[in-house]
Amino acid sequence: MVQANASRIVIAGGGISGLALALALKRALGADIEIILADPALSGAPRPDNRAYAIAAAARAMLEALGVWSAVEAKAAPMNEMVISDSRTGDAVRPIFLTFDGEVEPGRPFAHMIEAAPLLAHLRSACESAGVVLDPRGVRRFSVDGARVEVNFTDGSVAQAALLVAADGARSKLREQAGIGWVGWSYKQSGIVATIGHERPHHGRAVEHFMPSGPFAILPLADGGRLGHRSSIVWTERTENVAPLLSLDGEDLLAEIETRFGLELGAIALETPASAYPLGYGVARSFVDSRFALLGDAAHLVHPIAGQGLNLGLKDVAALAEVIVDAARLGLDPGALDVLEAYEKARRFDTVAMGAFMDGMNRLFSNDATPLRLARDLGLGLVDRLPGLKRFFIREAAGIGAGAPRLMRGEAL
């Protein structure tokens with residue numbers, strides 16, 4: 001069966017970025033457009049996911065504009081401060097070289113931490129309420145024929161649309177099918193993530209310990225759990241060490257975590273099992289093609305050293321939604337190549353620059369050479385003494401630099 005509709009957009013991938021784009025488009029254009037969000041994962045409840053994300057101030061403004069933030073705010077923890085140390089695992093003292101005040105403006109934290117599960121659940125619920133078609137089929141392949149893209153689903157059915165958006169992750173099959181190249185590499189590192197309970201409150205303080213194998217981040221979560229307070233860890237470790245670490249029993253693994261976590265927050269406990277994800281860098285050679293656009297990790301993959309991966313994806317959402325909505329309201333074709341090229345122009349420099357910066361940071365700090373340690377610690381100390389430069393870094397991390405898309409400024413489309 002072929003469904004024909006020129007006022008239709010299909011989004012392949014039901015993660016946070018795909019859901020946010022579907023919601024933004026449907027909220028802005030309403031009955032004028034059909035949005036199909038296709039992902040086999042939509043067939044049931046969201047899968048367990050123990051990751052947590054830093055939602056930058058600009059991304060929070062977008063979620064406010066989409067009417068989602070009020071539903072998840074109670075489950076988010078503000079970052080009131082960030083401190084950076086450079087040390088080895090066995091060091092008795094971990095000197096702090098750089099401290100950032102967590103506010104971009106009075107009463108406005110530069111980021112909040114929130115777990116993946118509640119954010120996904122509320123975005124899915126908001127999409128359903130707005131009238132997005134949540135389709136539990138996958139997209140198998142597609143072909144472009146002039147003013148339409150023909151989307152073939154895994155059950156054999158076909159839909160015609162003005163645009164197909166691939167939000168299907170860094171290993172995007174749809175990107176490969178479109179013939180869009182990928183430039184990237186593995187870091188031979190993995191990110192171990194878990195939720196840690198602790199006795200003492202974190203007071204919204206995020207800590208990043210730079211260690212020879214990579215950064216070990218302690219990120220504040222909303223209170224709860226067995227010990228009353230919780231944080232998320234993102235532990236960057238050499239890939240060859242990950243399997244032996246994850247095979248340890250709970251007490252031994254907790255002991256390994258404690259040597260990195262420290263004792264400032266009192267006794268600690270594992271609130272969730274630890275899991276690991278391979279880390280790498282990559283960027284698509286193009287973000288768009290005829291009636292086709294890449295979104296989020298399908299377009300770019302960055303190291304989590306600065307917690308910017310999801311925020312880059314949400315910036316993609318804001319930029320792509322803006323060009324599509326503006327075109328549709330002018331009576332133009334929202335899937336036309338010139339519309340999509342405006343999206344790529346808005347996003348490419350930012351994503352490449354941010355990816356290159358984080359790649360350099362990881363290479364600089366995942367290194368135990370003494371001369372390099374001395375040089376980077378001197379650099380961190382100098383930045384700590386330059387308040388203007390620190391404010392610049394905070395505003396960039398918050399995503400509120402010049403030229404931000406309207407949604408990122410908290411404005412409805």
# chains A, B, ... in the order shown; residues from 1 in each chain; ligands from 1

$ closest_atom_pairs --of "stretch 66-177 of chain A" --to "stretch 308-329 of chain A" --cutoff "10 Å" --atoms "only C-alpha atoms" --output "CSV"
residue,atom,partner,partner_atom,distance
A:Leu163,CA,A:Ile324,CA,9.8
A:Val165,CA,A:Leu320,CA,9.8
A:Ala167,CA,A:Gly313,CA,9.4

$ residues_around --residues "A:Glu115" --least-positions-apart "4" --cutoff "8 Å" --atoms "only C-alpha atoms" --output "count of residues only"
8

$ closest_residue --among "A:Gly250, A:Gly204, A:Gly181, A:Gly146" --to "A:Phe110" --atoms "only C-alpha atoms"
A:Gly204

$ closest_residue --among "A:Leu98, A:Met79, A:Leu19, A:Ala24" --to "A:Asp39" --atoms "only C-alpha atoms"
A:Leu19

$ atom_distance --atom1 "atom CA of A:Glu199" --atom2 "atom CA of A:Leu263"
10.0 Å

$ decode --residues "stretch 284-297 of chain A" --atoms "all heavy atoms" --output "short mmCIF file (atom, residue, chain, number, x, y, z; two decimals), in the first residue's frame"
data_model
loop_
_atom_site.label_atom_id
_atom_site.label_comp_id
_atom_site.auth_asym_id
_atom_site.auth_seq_id
_atom_site.Cartn_x
_atom_site.Cartn_y
_atom_site.Cartn_z
N ALA A 284 29.56 13.74 9.32
CA ALA A 284 29.14 13.42 7.96
C ALA A 284 29.70 14.45 6.98
O ALA A 284 29.82 15.64 7.32
CB ALA A 284 27.61 13.39 7.88
N ARG A 285 30.05 14.01 5.79
CA ARG A 285 30.58 14.93 4.79
C ARG A 285 29.54 15.94 4.34
O ARG A 285 29.88 17.03 3.85
CB ARG A 285 31.13 14.15 3.59
CG ARG A 285 32.39 13.36 3.93
CD ARG A 285 33.05 12.80 2.68
NE ARG A 285 34.28 12.09 3.00
CZ ARG A 285 35.48 12.64 3.16
NH1 ARG A 285 35.60 13.96 3.05
NH2 ARG A 285 36.53 11.91 3.43
N SER A 286 28.29 15.59 4.48
CA SER A 286 27.20 16.52 4.22
C SER A 286 26.09 16.20 5.20
O SER A 286 25.92 15.04 5.58
CB SER A 286 26.70 16.41 2.78
OG SER A 286 25.55 17.21 2.58
N PHE A 287 25.34 17.20 5.62
CA PHE A 287 24.21 16.96 6.51
C PHE A 287 22.91 16.78 5.74
O PHE A 287 21.90 16.40 6.34
CB PHE A 287 24.04 18.12 7.49
CG PHE A 287 25.14 18.23 8.52
CD1 PHE A 287 25.11 19.25 9.45
CD2 PHE A 287 26.19 17.33 8.58
CE1 PHE A 287 26.10 19.37 10.42
CE2 PHE A 287 27.18 17.43 9.53
CZ PHE A 287 27.14 18.46 10.45
N VAL A 288 22.92 17.06 4.44
CA VAL A 288 21.68 17.01 3.66
C VAL A 288 21.94 16.43 2.28
O VAL A 288 23.06 16.42 1.78
CB VAL A 288 21.04 18.41 3.52
CG1 VAL A 288 20.73 19.00 4.88
CG2 VAL A 288 21.92 19.36 2.71
N ASP A 289 20.86 15.96 1.68
CA ASP A 289 20.85 15.53 0.29
C ASP A 289 19.44 15.81 -0.22
O ASP A 289 18.61 16.38 0.50
CB ASP A 289 21.21 14.05 0.19
CG ASP A 289 21.70 13.65 -1.20
OD1 ASP A 289 21.66 14.51 -2.11
OD2 ASP A 289 22.10 12.50 -1.38
N SER A 290 19.15 15.40 -1.43
CA SER A 290 17.83 15.64 -1.99
C SER A 290 16.75 15.00 -1.11
O SER A 290 16.75 13.79 -0.91
CB SER A 290 17.76 15.08 -3.41
OG SER A 290 16.49 15.29 -3.97
N ARG A 291 15.88 15.82 -0.52
CA ARG A 291 14.75 15.39 0.33
C ARG A 291 15.19 14.53 1.51
O ARG A 291 14.48 13.67 1.99
CB ARG A 291 13.70 14.64 -0.50
CG ARG A 291 13.25 15.44 -1.70
CD ARG A 291 11.79 15.41 -1.95
NE ARG A 291 11.46 16.51 -2.87
CZ ARG A 291 10.95 17.67 -2.52
NH1 ARG A 291 10.67 17.88 -1.26
NH2 ARG A 291 10.71 18.62 -3.39
N PHE A 292 16.38 14.82 2.01
CA PHE A 292 16.96 13.99 3.06
C PHE A 292 17.84 14.86 3.95
O PHE A 292 18.62 15.68 3.46
CB PHE A 292 17.81 12.88 2.42
CG PHE A 292 18.45 11.93 3.38
CD1 PHE A 292 17.70 10.93 4.00
CD2 PHE A 292 19.80 12.02 3.66
CE1 PHE A 292 18.30 10.05 4.89
CE2 PHE A 292 20.41 11.14 4.53
CZ PHE A 292 19.64 10.15 5.15
N ALA A 293 17.70 14.69 5.27
CA ALA A 293 18.52 15.45 6.22
C ALA A 293 18.97 14.54 7.36
O ALA A 293 18.23 13.65 7.78
CB ALA A 293 17.75 16.65 6.77
N LEU A 294 20.17 14.79 7.85
CA LEU A 294 20.71 14.08 9.00
C LEU A 294 20.53 14.92 10.25
O LEU A 294 20.65 16.15 10.21
CB LEU A 294 22.20 13.78 8.79
CG LEU A 294 22.57 12.89 7.62
CD1 LEU A 294 24.09 12.85 7.44
CD2 LEU A 294 22.02 11.48 7.80
N LEU A 295 20.29 14.24 11.37
CA LEU A 295 20.01 14.93 12.62
C LEU A 295 20.78 14.26 13.76
O LEU A 295 20.85 13.02 13.84
CB LEU A 295 18.51 14.88 12.93
CG LEU A 295 18.01 15.70 14.12
CD1 LEU A 295 17.93 17.17 13.74
CD2 LEU A 295 16.63 15.20 14.56
N GLY A 296 21.34 15.05 14.67
CA GLY A 296 21.97 14.49 15.86
C GLY A 296 23.16 13.62 15.53
O GLY A 296 24.00 13.95 14.68
N ASP A 297 23.27 12.47 16.22
CA ASP A 297 24.43 11.60 16.06
C ASP A 297 24.58 11.05 14.66
O ASP A 297 25.66 10.61 14.27
CB ASP A 297 24.36 10.44 17.05
CG ASP A 297 24.66 10.86 18.48
OD1 ASP A 297 25.04 12.03 18.69
OD2 ASP A 297 24.52 10.02 19.40
#
